[in-house]
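Participant: upload-v8.csv is reproduced in full below (CSV, C-alpha atoms).
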```csv
chain,number,residue,atom,x,y,z
U,1,MET,CA,-5.1,-48.0,37.1
U,2,ASN,CA,-4.4,-47.3,33.4
U,3,LYS,CA,-4.0,-43.9,31.8
U,4,GLU,CA,-7.5,-43.7,30.4
U,5,ALA,CA,-9.0,-44.5,33.8
U,6,ILE,CA,-6.9,-41.9,35.5
U,7,THR,CA,-8.0,-39.3,32.9
U,8,LEU,CA,-11.6,-40.2,33.5
U,9,PHE,CA,-11.3,-40.0,37.3
U,10,LEU,CA,-9.6,-36.6,37.1
U,11,SER,CA,-12.3,-35.4,34.7
U,12,ILE,CA,-15.0,-36.4,37.2
U,13,ILE,CA,-13.3,-34.7,40.1
U,14,LEU,CA,-12.8,-31.5,38.2
U,15,THR,CA,-16.3,-31.4,36.9
U,16,SER,CA,-17.6,-32.0,40.4
U,17,PHE,CA,-15.4,-29.2,41.8
U,18,SER,CA,-16.6,-26.9,39.0
U,19,ILE,CA,-20.3,-27.5,39.8
U,20,THR,CA,-19.7,-27.0,43.5
U,21,ALA,CA,-17.9,-23.7,42.9
U,22,GLN,CA,-20.9,-22.5,40.8
U,23,GLN,CA,-23.1,-22.6,44.0
U,24,ILE,CA,-26.0,-24.6,42.8
U,25,LYS,CA,-29.3,-23.2,44.0
U,26,VAL,CA,-32.8,-24.7,43.9
U,27,LEU,CA,-35.7,-22.3,44.2
U,28,VAL,CA,-39.0,-23.8,45.3
U,29,PRO,CA,-42.0,-21.4,45.1
U,30,ASP,CA,-45.7,-22.3,45.0
U,31,ARG,CA,-45.8,-21.7,41.2
U,32,VAL,CA,-43.6,-20.6,38.3
U,33,PHE,CA,-44.4,-18.1,35.5
U,34,ASP,CA,-41.8,-19.0,32.9
U,35,GLY,CA,-42.4,-16.0,30.7
U,36,GLU,CA,-45.2,-17.6,28.8
U,37,GLN,CA,-47.5,-19.5,31.3
U,38,VAL,CA,-48.0,-20.4,34.9
U,39,HIS,CA,-47.0,-23.8,36.3
U,40,GLU,CA,-48.2,-24.9,39.7
U,41,GLY,CA,-45.7,-26.9,41.8
U,42,TRP,CA,-42.7,-26.2,39.7
U,43,ALA,CA,-39.1,-25.3,40.8
U,44,VAL,CA,-36.0,-23.8,39.2
U,45,ARG,CA,-32.4,-25.0,39.5
U,46,VAL,CA,-29.6,-22.4,39.0
U,47,GLU,CA,-26.0,-23.2,38.4
U,48,GLY,CA,-23.7,-20.2,38.5
U,49,ASN,CA,-25.3,-17.5,36.4
U,50,LEU,CA,-27.5,-19.8,34.3
U,51,ILE,CA,-30.8,-21.6,34.7
U,52,ALA,CA,-29.9,-25.3,34.7
U,53,ALA,CA,-33.4,-26.8,34.9
U,54,VAL,CA,-37.1,-25.8,35.2
U,55,GLY,CA,-39.9,-28.2,35.9
U,56,PRO,CA,-42.0,-30.1,38.5
U,57,ALA,CA,-40.4,-29.6,42.0
U,58,LYS,CA,-40.0,-33.4,42.6
U,59,GLU,CA,-37.9,-33.7,39.4
U,60,ILE,CA,-35.8,-30.7,40.1
U,61,LEU,CA,-35.1,-31.8,43.7
U,62,GLN,CA,-34.2,-35.3,42.8
U,63,GLY,CA,-30.6,-36.0,43.6
U,64,TYR,CA,-30.1,-32.4,45.0
U,65,ARG,CA,-28.0,-32.6,48.2
U,66,GLY,CA,-28.2,-29.0,49.3
U,67,ILE,CA,-30.9,-27.0,51.1
U,68,PRO,CA,-33.5,-25.7,48.7
U,69,THR,CA,-34.7,-22.1,49.0
U,70,GLU,CA,-38.3,-22.4,50.0
U,71,LEU,CA,-40.5,-19.5,48.8
U,72,PRO,CA,-44.0,-20.4,50.0
U,73,GLY,CA,-46.9,-18.2,48.8
U,74,THR,CA,-44.9,-16.8,45.9
U,75,THR,CA,-44.7,-16.9,42.2
U,76,LEU,CA,-41.3,-17.2,40.6
U,77,MET,CA,-40.9,-15.4,37.3
U,78,PRO,CA,-38.2,-13.9,35.1
U,79,GLY,CA,-36.6,-10.6,36.1
U,80,MET,CA,-38.8,-7.9,34.6
U,81,ILE,CA,-37.5,-5.7,31.8
U,82,GLU,CA,-38.2,-1.9,32.0
U,83,GLY,CA,-38.8,-0.6,28.4
U,84,HIS,CA,-38.5,3.1,29.1
U,85,SER,CA,-36.6,4.7,32.0
U,86,HIS,CA,-34.6,7.8,32.8
U,87,VAL,CA,-32.3,7.0,35.8
U,88,LEU,CA,-31.0,10.6,35.6
U,89,LEU,CA,-34.4,12.1,36.3
U,90,HIS,CA,-36.7,12.1,39.3
U,91,PRO,CA,-40.4,13.1,39.6
U,92,TYR,CA,-41.3,16.5,38.3
U,93,ASP,CA,-43.4,17.3,41.3
U,94,GLU,CA,-40.2,17.2,43.3
U,95,VAL,CA,-38.1,19.3,40.9
U,96,SER,CA,-39.3,20.5,37.4
U,97,TRP,CA,-37.5,19.0,34.3
U,98,ASN,CA,-36.1,22.5,33.5
U,99,ASP,CA,-34.6,22.8,37.0
U,100,GLN,CA,-33.2,19.3,36.9
U,101,VAL,CA,-31.4,20.0,33.7
U,102,LEU,CA,-30.2,23.6,34.6
U,103,LYS,CA,-29.7,23.6,38.4
U,104,GLU,CA,-28.7,20.1,39.5
U,105,SER,CA,-25.0,19.4,39.3
U,106,PRO,CA,-23.6,16.5,37.3
U,107,ALA,CA,-22.5,15.0,40.6
U,108,GLU,CA,-25.9,15.2,42.2
U,109,ARG,CA,-27.6,13.7,39.1
U,110,ALA,CA,-25.1,10.8,39.0
U,111,ILE,CA,-25.6,10.1,42.7
U,112,ARG,CA,-29.4,10.2,42.2
U,113,ALA,CA,-29.0,7.8,39.2
U,114,ALA,CA,-27.1,5.3,41.3
U,115,LEU,CA,-29.9,5.3,43.9
U,116,HIS,CA,-32.5,5.1,41.1
U,117,ALA,CA,-30.8,2.1,39.5
U,118,GLU,CA,-30.8,0.2,42.8
U,119,ALA,CA,-34.5,1.0,43.3
U,120,ASN,CA,-35.3,-0.4,39.9
U,121,LEU,CA,-33.4,-3.6,40.7
U,122,MET,CA,-35.1,-4.0,44.1
U,123,ALA,CA,-38.5,-3.6,42.4
U,124,GLY,CA,-37.7,-6.7,40.3
U,125,PHE,CA,-36.5,-5.0,37.2
U,126,THR,CA,-33.2,-6.7,36.3
U,127,THR,CA,-32.8,-5.0,33.0
U,128,ILE,CA,-33.8,-1.5,31.9
U,129,ARG,CA,-33.7,0.4,28.7
U,130,ASP,CA,-32.7,4.0,29.6
U,131,LEU,CA,-33.8,6.4,26.8
U,132,GLY,CA,-31.9,9.6,27.2
U,133,SER,CA,-29.7,11.3,29.8
U,134,GLU,CA,-31.7,14.6,29.5
U,135,GLY,CA,-28.8,17.1,29.6
U,136,ALA,CA,-26.4,14.9,31.5
U,137,GLY,CA,-24.3,13.9,28.4
U,138,TYR,CA,-23.0,10.3,28.7
U,139,ALA,CA,-23.6,10.0,32.4
U,140,ASP,CA,-25.9,7.0,31.7
U,141,VAL,CA,-23.0,5.2,30.2
U,142,GLY,CA,-21.0,5.8,33.4
U,143,VAL,CA,-23.8,4.5,35.5
U,144,LYS,CA,-24.1,1.4,33.3
U,145,GLN,CA,-20.4,0.7,33.6
U,146,SER,CA,-20.4,1.2,37.3
U,147,ILE,CA,-23.0,-1.5,37.6
U,148,GLU,CA,-21.1,-3.8,35.4
U,149,LYS,CA,-17.9,-3.3,37.5
U,150,GLY,CA,-19.9,-4.0,40.7
U,151,ILE,CA,-19.3,-0.5,42.1
U,152,ILE,CA,-23.1,0.0,42.6
U,153,ALA,CA,-26.1,-2.3,42.5
U,154,GLY,CA,-28.4,-2.0,39.6
U,155,PRO,CA,-30.0,-3.7,36.6
U,156,ARG,CA,-28.2,-4.4,33.4
U,157,MET,CA,-28.7,-1.3,31.2
U,158,LEU,CA,-29.2,-0.4,27.6
U,159,VAL,CA,-28.5,3.3,27.3
U,160,ALA,CA,-29.2,5.9,24.7
U,161,GLY,CA,-26.8,8.6,25.7
U,162,PRO,CA,-27.9,12.2,25.0
U,163,ALA,CA,-30.5,11.5,22.2
U,164,ILE,CA,-30.9,13.6,19.1
U,165,VAL,CA,-33.2,16.5,18.5
U,166,ALA,CA,-33.8,19.0,15.6
U,167,THR,CA,-32.3,22.4,16.1
U,168,GLY,CA,-34.6,24.8,17.9
U,169,SER,CA,-37.1,22.1,19.0
U,170,TYR,CA,-36.0,21.0,22.4
U,171,GLY,CA,-35.8,22.7,25.8
U,172,PRO,CA,-35.1,24.2,28.2
U,173,LYS,CA,-36.8,27.1,26.5
U,174,GLY,CA,-38.2,30.5,27.4
U,175,PHE,CA,-35.0,32.5,27.7
U,176,ALA,CA,-34.0,35.7,26.0
U,177,PRO,CA,-32.2,35.3,22.7
U,178,HIS,CA,-28.9,36.3,24.1
U,179,VAL,CA,-29.0,33.7,26.9
U,180,LYS,CA,-27.6,30.3,25.9
U,181,VAL,CA,-28.6,27.4,28.1
U,182,PRO,CA,-27.6,23.7,28.1
U,183,LEU,CA,-30.2,21.6,26.3
U,184,GLY,CA,-31.7,18.2,27.3
U,185,ALA,CA,-30.4,16.5,24.1
U,186,HIS,CA,-27.9,17.0,21.2
U,187,GLU,CA,-29.0,19.1,18.2
U,188,ALA,CA,-28.3,17.9,14.7
U,189,ASP,CA,-29.8,18.5,11.3
U,190,GLY,CA,-29.2,17.6,7.7
U,191,ILE,CA,-27.6,14.4,6.3
U,192,ASP,CA,-23.9,15.1,7.1
U,193,ASN,CA,-24.5,16.5,10.6
U,194,LEU,CA,-26.9,13.6,11.5
U,195,ILE,CA,-24.4,11.0,10.3
U,196,ARG,CA,-21.7,12.6,12.4
U,197,GLU,CA,-23.9,12.9,15.5
U,198,VAL,CA,-25.1,9.3,15.3
U,199,ARG,CA,-21.5,8.1,15.1
U,200,ARG,CA,-20.5,10.4,17.9
U,201,GLN,CA,-23.1,9.0,20.2
U,202,ILE,CA,-22.1,5.4,19.2
U,203,GLY,CA,-18.5,6.3,20.0
U,204,GLY,CA,-19.7,7.8,23.4
U,205,GLY,CA,-21.1,4.4,24.4
U,206,ALA,CA,-24.7,4.5,23.3
U,207,ASP,CA,-26.4,1.1,22.9
U,208,ILE,CA,-29.4,2.7,21.3
U,209,ILE,CA,-29.9,5.8,19.2
U,210,LYS,CA,-32.9,7.8,20.3
U,211,VAL,CA,-34.4,10.5,18.0
U,212,TYR,CA,-37.2,12.9,18.6
U,213,ALA,CA,-39.4,12.5,15.5
U,214,ASP,CA,-41.7,15.2,16.7
U,215,TYR,CA,-41.9,17.7,19.6
U,216,ARG,CA,-43.9,20.6,21.1
U,217,TRP,CA,-42.6,23.3,18.7
U,218,GLY,CA,-45.7,24.0,16.6
U,219,PRO,CA,-47.0,27.6,16.1
U,220,ASN,CA,-49.0,27.3,19.3
U,221,GLY,CA,-46.7,25.0,21.2
U,222,GLU,CA,-48.4,21.8,19.9
U,223,ALA,CA,-46.4,18.7,18.9
U,224,MET,CA,-45.3,18.7,15.3
U,225,PRO,CA,-42.8,16.6,13.3
U,226,THR,CA,-39.2,17.6,13.5
U,227,PHE,CA,-37.1,15.6,11.0
U,228,THR,CA,-37.9,14.8,7.4
U,229,GLN,CA,-38.4,11.3,6.1
U,230,GLN,CA,-34.9,11.4,4.6
U,231,GLU,CA,-33.3,12.6,7.8
U,232,LEU,CA,-34.9,9.8,9.9
U,233,GLY,CA,-34.0,7.3,7.3
U,234,ILE,CA,-30.3,8.2,7.4
U,235,ILE,CA,-30.3,8.0,11.2
U,236,VAL,CA,-31.6,4.5,11.1
U,237,GLU,CA,-29.3,3.5,8.3
U,238,VAL,CA,-26.2,4.6,10.1
U,239,ALA,CA,-27.2,3.2,13.5
U,240,ASN,CA,-28.3,-0.1,12.0
U,241,SER,CA,-25.0,-0.5,10.2
U,242,SER,CA,-23.3,-0.5,13.6
U,243,GLY,CA,-25.7,-3.1,14.9
U,244,ARG,CA,-27.7,-0.6,17.0
U,245,PRO,CA,-31.5,0.0,16.9
U,246,VAL,CA,-33.2,3.4,16.7
U,247,VAL,CA,-36.1,4.4,18.9
U,248,ALA,CA,-38.3,7.4,18.2
U,249,HIS,CA,-40.1,9.7,20.5
U,250,ALA,CA,-43.3,10.4,18.6
U,251,ALA,CA,-46.7,11.6,19.7
U,252,THR,CA,-48.2,12.8,16.4
U,253,ALA,CA,-49.6,10.6,13.6
U,254,GLU,CA,-47.2,12.1,11.1
U,255,GLY,CA,-44.2,11.8,13.3
U,256,MET,CA,-45.1,8.2,14.0
U,257,ARG,CA,-45.7,7.5,10.3
U,258,ARG,CA,-42.3,8.9,9.3
U,259,ALA,CA,-40.5,7.0,12.1
U,260,ALA,CA,-42.2,3.7,11.1
U,261,ARG,CA,-41.3,4.1,7.5
U,262,ALA,CA,-37.7,4.9,8.5
U,263,GLY,CA,-37.5,1.5,10.3
U,264,VAL,CA,-37.2,2.4,13.9
U,265,GLN,CA,-37.4,-0.5,16.5
U,266,THR,CA,-39.9,1.1,18.7
U,267,ILE,CA,-42.0,4.3,18.9
U,268,GLU,CA,-42.3,5.8,22.4
U,269,HIS,CA,-45.6,7.4,23.6
U,270,GLY,CA,-47.7,7.3,20.4
U,271,ASP,CA,-50.5,9.4,21.9
U,272,GLY,CA,-51.8,10.7,18.5
U,273,GLY,CA,-51.6,7.4,16.7
U,274,THR,CA,-54.4,6.5,14.3
U,275,PRO,CA,-55.7,3.1,13.0
U,276,ASP,CA,-53.8,3.5,9.7
U,277,VAL,CA,-50.5,4.5,11.5
U,278,PHE,CA,-50.8,1.5,13.9
U,279,GLN,CA,-51.5,-0.8,10.9
U,280,LEU,CA,-48.3,0.6,9.3
U,281,MET,CA,-46.4,-0.2,12.5
U,282,ALA,CA,-47.8,-3.7,12.7
U,283,ASP,CA,-47.0,-4.4,9.0
U,284,ARG,CA,-43.4,-3.1,9.5
U,285,GLY,CA,-42.8,-4.8,12.8
U,286,VAL,CA,-42.4,-1.5,14.7
U,287,ALA,CA,-43.4,-1.9,18.4
U,288,LEU,CA,-45.1,0.7,20.6
U,289,CYS,CA,-44.0,1.7,24.1
U,290,PRO,CA,-47.0,3.6,25.3
U,291,THR,CA,-45.7,5.0,28.6
U,292,LEU,CA,-49.2,5.2,30.1
U,293,ALA,CA,-47.9,6.1,33.6
U,294,ALA,CA,-46.0,9.2,32.5
U,295,GLY,CA,-48.9,11.2,31.2
U,296,ASP,CA,-51.1,10.0,34.1
U,297,ALA,CA,-48.4,11.2,36.6
U,298,ILE,CA,-47.9,14.6,34.9
U,299,LEU,CA,-51.7,15.3,34.9
U,300,GLN,CA,-51.9,14.5,38.6
U,301,TYR,CA,-48.9,16.8,39.3
U,302,ASN,CA,-50.9,19.5,37.5
U,303,GLY,CA,-54.0,19.0,39.7
U,304,TRP,CA,-56.1,16.2,38.2
U,305,LYS,CA,-57.7,14.2,41.0
U,306,LYS,CA,-57.7,10.7,39.5
U,307,GLY,CA,-60.7,8.6,40.6
U,308,GLU,CA,-62.5,11.7,41.8
U,309,GLU,CA,-62.7,13.7,38.5
U,310,ALA,CA,-63.5,12.7,34.9
U,311,ASP,CA,-60.6,11.6,32.7
U,312,PRO,CA,-59.0,14.6,31.0
U,313,PRO,CA,-58.9,14.6,27.2
U,314,ARG,CA,-55.3,13.4,27.2
U,315,ILE,CA,-56.2,10.3,29.1
U,316,VAL,CA,-59.3,9.7,27.0
U,317,GLN,CA,-57.0,9.9,23.9
U,318,LYS,CA,-54.4,7.7,25.5
U,319,LYS,CA,-56.9,4.9,26.2
U,320,LYS,CA,-58.2,5.1,22.7
U,321,SER,CA,-54.7,5.0,21.0
U,322,PHE,CA,-53.6,2.1,23.3
U,323,MET,CA,-56.7,0.1,22.3
U,324,GLN,CA,-56.2,0.9,18.6
U,325,ALA,CA,-52.6,-0.2,18.7
U,326,ARG,CA,-53.6,-3.6,20.2
U,327,GLU,CA,-56.4,-4.0,17.8
U,328,ALA,CA,-54.0,-3.5,14.9
U,329,GLY,CA,-51.7,-6.2,16.3
U,330,VAL,CA,-48.8,-3.8,17.2
U,331,ALA,CA,-46.4,-5.4,19.6
U,332,ILE,CA,-46.4,-3.6,23.0
U,333,VAL,CA,-43.3,-2.8,25.0
U,334,ALA,CA,-43.9,-2.5,28.7
U,335,GLY,CA,-42.2,0.7,29.7
U,336,GLY,CA,-43.5,3.6,31.8
U,337,ASP,CA,-41.1,6.5,31.4
U,338,VAL,CA,-40.1,5.9,35.0
U,339,GLY,CA,-38.2,8.9,36.3
U,340,VAL,CA,-41.2,11.1,35.5
U,341,PHE,CA,-42.6,9.2,38.4
U,342,THR,CA,-40.7,7.5,41.2
U,343,HIS,CA,-38.1,4.8,40.4
U,344,GLY,CA,-39.0,1.6,42.1
U,345,THR,CA,-42.7,2.0,41.4
U,346,ASN,CA,-42.3,0.8,37.8
U,347,ALA,CA,-45.2,-1.6,38.2
U,348,ARG,CA,-47.5,1.4,38.0
U,349,GLU,CA,-47.2,1.1,34.2
U,350,LEU,CA,-48.2,-2.6,34.3
U,351,GLU,CA,-51.2,-1.9,36.5
U,352,MET,CA,-52.3,0.8,34.0
U,353,MET,CA,-51.9,-1.5,31.0
U,354,VAL,CA,-54.4,-3.8,32.7
U,355,GLU,CA,-56.6,-0.8,33.7
U,356,TYR,CA,-56.6,0.3,30.0
U,357,GLY,CA,-57.8,-3.1,28.8
U,358,MET,CA,-54.8,-5.4,28.3
U,359,ASN,CA,-55.1,-9.0,29.5
U,360,THR,CA,-53.2,-9.6,32.7
U,361,THR,CA,-51.2,-12.5,31.4
U,362,ASP,CA,-50.3,-10.6,28.3
U,363,VAL,CA,-48.9,-7.8,30.5
U,364,LEU,CA,-46.8,-10.4,32.3
U,365,LYS,CA,-45.5,-11.6,29.0
U,366,ALA,CA,-44.9,-8.1,27.8
U,367,VAL,CA,-42.7,-7.2,30.7
U,368,THR,CA,-40.7,-10.4,30.5
U,369,SER,CA,-40.4,-12.5,27.3
U,370,GLY,CA,-42.1,-9.9,25.1
U,371,ASN,CA,-39.7,-7.1,26.0
U,372,ALA,CA,-36.8,-9.5,25.6
U,373,LYS,CA,-37.9,-10.5,22.1
U,374,ILE,CA,-38.6,-6.9,20.9
U,375,LEU,CA,-35.4,-5.5,22.4
U,376,GLN,CA,-33.3,-8.4,21.1
U,377,LEU,CA,-32.1,-9.5,24.6
U,378,GLU,CA,-31.0,-13.1,24.1
U,379,GLY,CA,-31.1,-15.4,27.1
U,380,LEU,CA,-33.4,-13.1,29.1
U,381,GLY,CA,-37.1,-12.8,29.7
U,382,GLN,CA,-37.8,-16.5,30.3
U,383,LEU,CA,-37.2,-19.2,32.9
U,384,LYS,CA,-35.7,-21.7,30.6
U,385,GLU,CA,-32.7,-24.0,30.6
U,386,GLY,CA,-29.6,-22.2,29.4
U,387,PHE,CA,-31.1,-18.7,30.0
U,388,THR,CA,-29.4,-16.2,32.3
U,389,ALA,CA,-30.5,-16.5,35.9
U,390,ASP,CA,-32.5,-13.3,36.2
U,391,ILE,CA,-35.2,-14.4,38.6
U,392,ILE,CA,-37.6,-12.7,41.0
U,393,ALA,CA,-40.2,-13.9,43.4
U,394,VAL,CA,-43.4,-12.0,44.1
U,395,GLU,CA,-46.1,-12.7,46.7
U,396,GLY,CA,-49.4,-14.0,45.4
U,397,LYS,CA,-50.6,-14.7,41.9
U,398,PRO,CA,-49.7,-11.9,39.5
U,399,GLU,CA,-51.7,-13.5,36.6
U,400,GLN,CA,-54.8,-13.0,38.7
U,401,ASP,CA,-53.9,-9.6,40.3
U,402,ILE,CA,-51.2,-7.5,38.6
U,403,ARG,CA,-50.7,-5.6,41.9
U,404,ALA,CA,-48.7,-8.6,43.1
U,405,LEU,CA,-45.8,-7.2,41.1
U,406,ARG,CA,-45.4,-4.6,43.8
U,407,LYS,CA,-44.6,-7.3,46.3
U,408,VAL,CA,-41.2,-8.5,45.3
U,409,VAL,CA,-39.6,-10.6,47.9
U,410,MET,CA,-36.5,-12.0,46.1
U,411,VAL,CA,-34.4,-10.6,43.3
U,412,MET,CA,-31.6,-12.6,41.5
U,413,LYS,CA,-29.6,-11.0,38.7
U,414,ASN,CA,-27.1,-13.1,36.7
U,415,GLY,CA,-27.2,-15.8,39.4
U,416,GLU,CA,-26.5,-13.4,42.3
U,417,VAL,CA,-29.2,-12.7,44.9
U,418,TYR,CA,-29.6,-9.0,45.7
U,419,LYS,CA,-32.9,-9.2,47.7
U,420,LYS,CA,-34.2,-12.1,49.8
```
For the structure just supplied, provide its representation as structure tokens.
Facilitator:
Amino acid sequence: MNKEAITLFLSIILTSFSITAQQIKVLVPDRVFDGEQVHEGWAVRVEGNLIAAVGPAKEILQGYRGIPTELPGTTLMPGMIEGHSHVLLHPYDEVSWNDQVLKESPAERAIRAALHAEANLMAGFTTIRDLGSEGAGYADVGVKQSIEKGIIAGPRMLVAGPAIVATGSYGPKGFAPHVKVPLGAHEADGIDNLIREVRRQIGGGADIIKVYADYRWGPNGEAMPTFTQQELGIIVEVANSSGRPVVAHAATAEGMRRAARAGVQTIEHGDGGTPDVFQLMADRGVALCPTLAAGDAILQYNGWKKGEEADPPRIVQKKKSFMQAREAGVAIVAGGDVGVFTHGTNARELEMMVEYGMNTTDVLKAVTSGNAKILQLEGLGQLKEGFTADIIAVEGKPEQDIRALRKVVMVMKNGEVYKK
């Protein structure tokens, strides 16, 4: 055998060994939603942490010598992406937001966050965007790193750290002037202080900078803008120069307008949006994360009997603004503000998006390929050759009944199976 033949032989042996070591898996459901459309009779081949092939089951199984994972009665789809979560919070009907910030120890909050992270993953959300630690400093960074190190199970995380608020605007509030209490976010004002605070949060490990463009600090406790146009602009400029996006909490038309003009990536909530503001967002490529489930949950905590009583004004306005945003062509991020309601029930937001008039398949796209595109998550959100193997299986046909997303029977993240 000559030198070239020996080299070729060794190359084939090494390649074969490498593929074997990668633990090739073939997943055979009834159908596949690839992030864009549903395909009957398709299967997915996974090699290591990547998707190697997607297509008709007969083609995927051809030449495969292992035992395929049969998933009868299920739809295989990309791991879902939660657009707005708070792993350091739990439902306000259990403990109020004020008491979570002021009375729960950092250790308790971190332990809860670990359990919440796992609940999100088991519910089929393999990636989450966590938008503010709410008084827990950079604990969200620690949770993210613990997941990456394999210490705890959870989704991959994009974290915002403490978030930025204008002085005097955020809570907890209601204490005598001589009493100083920890706040749920970091205060900063003016160009120099905002530049410093953005850079401090970047240094602390934030993937995203979150700013409160308005808050409930008006003369009568109503929501009003907090930062000036110039202040919001400098926040975006500094964050973007580091390669990080800015997201804005905004519920008033003026707060949303300023945030959109500043160039934020997404606006969270958007309750008070108007047709002209939504058109501005669409024109500037600013997406909306409507967090429908959060307001719905809070109103029920406060006594509203959903389904038995008429919609409160807040719900009527939310339905209206959600419709106006879609009519204007604003891109929609699927994100429920989970933490206000129970972690692991994230699909509640998706059900409400359908309830409020969004097409079911469009909701499926939003929580997979749509979120991946808007949040700039390369290699996620689709079942496509070369993409990361974040894959879930749900019972039934979610494109026909969105409630199927509550019935997650398999979760794979980065090629590793966490639930089966």
Participant: Hey, can you check how far CA of Pro275 in chain U sits from CA of Met256 in chain U?
Facilitator: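 Going from CA of Pro275 in chain U over to CA of Met256 in chain U covers 11.8 Å.
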Participant: At a cut-off of 8 Å, using all atoms listed in the file, what residues contact Ile51 in chain U? Leave out same-chain residues fewer than 4 positions from it and give the result as a PyMOL selection string.
Facilitator: chain U and resi 44-47+383-389
Participant: Please determine, counting only C-alpha atoms, which residue among U:Leu292, U:Ala113, U:Met77, U:Ala160 has the shortest atom-to-atom distance to Ser146 in chain U.
Facilitator: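 Between U:Leu292, U:Ala113, U:Met77, U:Ala160, the residue approaching Ser146 in chain U most closely is U:Ala113.
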Participant: Kindly give the distance, in Å, that separates CA of Pro245 in chain U and CA of Val264 in chain U, rounded to a single decimal.
Facilitator: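 The value is 6.9 Å.
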Participant: I want to know what sits within 10 Å of Asp34 in chain U, based on only C-alpha atoms, with residues of the same chain fewer than 6 positions away left out; could you give that as JSON, numbers by chain?
Facilitator: {"U": [42, 44, 54, 55, 75, 76, 77, 78, 364, 365, 368, 369, 381, 382, 383, 384, 391]}
Participant: If you measure from CA of Pro155 in chain U to CA of Met122 in chain U, what distance in Å do you get, rounded to one decimal?
Facilitator: 9.1 Å
Participant: Can you work out which one of U:Pro219, U:Gly307, U:Gly83, U:Gly73 has the shortest atom-to-atom distance to Ile374 in chain U, counting only C-alpha atoms?
Facilitator: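 The closest residue to Ile374 in chain U is U:Gly83.
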Participant: Using all atoms listed in the file, which residue out of U:Gly218, U:Glu118, U:Arg406, U:Asp207 lies closest to Asp130 in chain U?
Facilitator: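 Counting all atoms listed in the file, the residue closest to Asp130 in chain U is U:Asp207.
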Participant: Return the single residue from U:Leu158, U:Ala139, U:Ile152, U:Leu71 that is closest to Gly204 in chain U, with distances computed using only C-alpha atoms.
Facilitator: U:Ala139
Participant: Please determine, counting all atoms listed in the file, which residue among U:Asp99, U:Asn120, U:Met352, U:Gly285 has the shortest atom-to-atom distance to Val408 in chain U.
Facilitator: U:Asn120
Participant: Can you pull out the residues contacting Lys397 in chain U? Cut-off 12 Å, using all atoms listed in the file, and skip same-chain residues under 4 positions away; I want them as JSON, numbers by chain.
Facilitator: {"U": [29, 30, 31, 32, 33, 38, 39, 40, 72, 73, 74, 75, 76, 77, 360, 361, 364, 393, 401, 402, 403, 404, 405, 406, 407, 408]}
Participant: For Thr126 in chain U, which residue among U:Asn346, U:Gln145, U:Gln62, U:Asn359 is the nearest when counting all atoms listed in the file?
Facilitator: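 Looking only at the distances to Thr126 in chain U, the closest residue turns out to be U:Asn346.
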Participant: Write out as CSV the residues of range 355-411 of chain U that have any atom within 6 Å of an atom of range 321-340 of chain U, one row each with the nearest atom pair and its distance in Å to one decimal, counting only C-alpha atoms, sorted by chain and then rising number.
Facilitator:
```
residue,atom,partner,partner_atom,distance
U:Ala366,CA,U:Ala334,CA,5.8
U:Val367,CA,U:Ala334,CA,5.2
U:Asn371,CA,U:Val333,CA,5.7
```
Participant: With all atoms listed in the file as the counted atoms, please give the residues lying no more than 10 Å from Met157 in chain U, apart from itself and same-chain residues fewer than 6 positions off, as a PyMOL selection string.
Facilitator: chain U and resi 81-82+85+117+126-130+140-141+143-145+147-148+207
Participant: Please fill the gaps in range 369-377 of chain U so it has N, CA and C atoms, and write that as a CSV table (one decimal), keeping the file's coordinate frame.
Facilitator:
```
chain,number,residue,atom,x,y,z
U,369,SER,N,-40.8,-11.9,28.6
U,369,SER,CA,-40.4,-12.5,27.3
U,369,SER,C,-40.7,-11.6,26.1
U,370,GLY,N,-41.8,-10.8,26.2
U,370,GLY,CA,-42.1,-9.9,25.1
U,370,GLY,C,-41.1,-8.8,24.9
U,371,ASN,N,-40.7,-8.1,26.0
U,371,ASN,CA,-39.7,-7.1,26.0
U,371,ASN,C,-38.4,-7.7,25.5
U,372,ALA,N,-38.1,-8.9,26.0
U,372,ALA,CA,-36.8,-9.5,25.6
U,372,ALA,C,-36.7,-9.7,24.1
U,373,LYS,N,-37.8,-10.2,23.5
U,373,LYS,CA,-37.9,-10.5,22.1
U,373,LYS,C,-37.8,-9.2,21.3
U,374,ILE,N,-38.6,-8.2,21.6
U,374,ILE,CA,-38.6,-6.9,20.9
U,374,ILE,C,-37.2,-6.2,21.0
U,375,LEU,N,-36.7,-6.2,22.2
U,375,LEU,CA,-35.4,-5.5,22.4
U,375,LEU,C,-34.2,-6.3,22.1
U,376,GLN,N,-34.4,-7.5,21.6
U,376,GLN,CA,-33.3,-8.4,21.1
U,376,GLN,C,-32.4,-8.8,22.3
U,377,LEU,N,-32.9,-9.1,23.4
U,377,LEU,CA,-32.1,-9.5,24.6
U,377,LEU,C,-32.1,-11.0,24.7
```
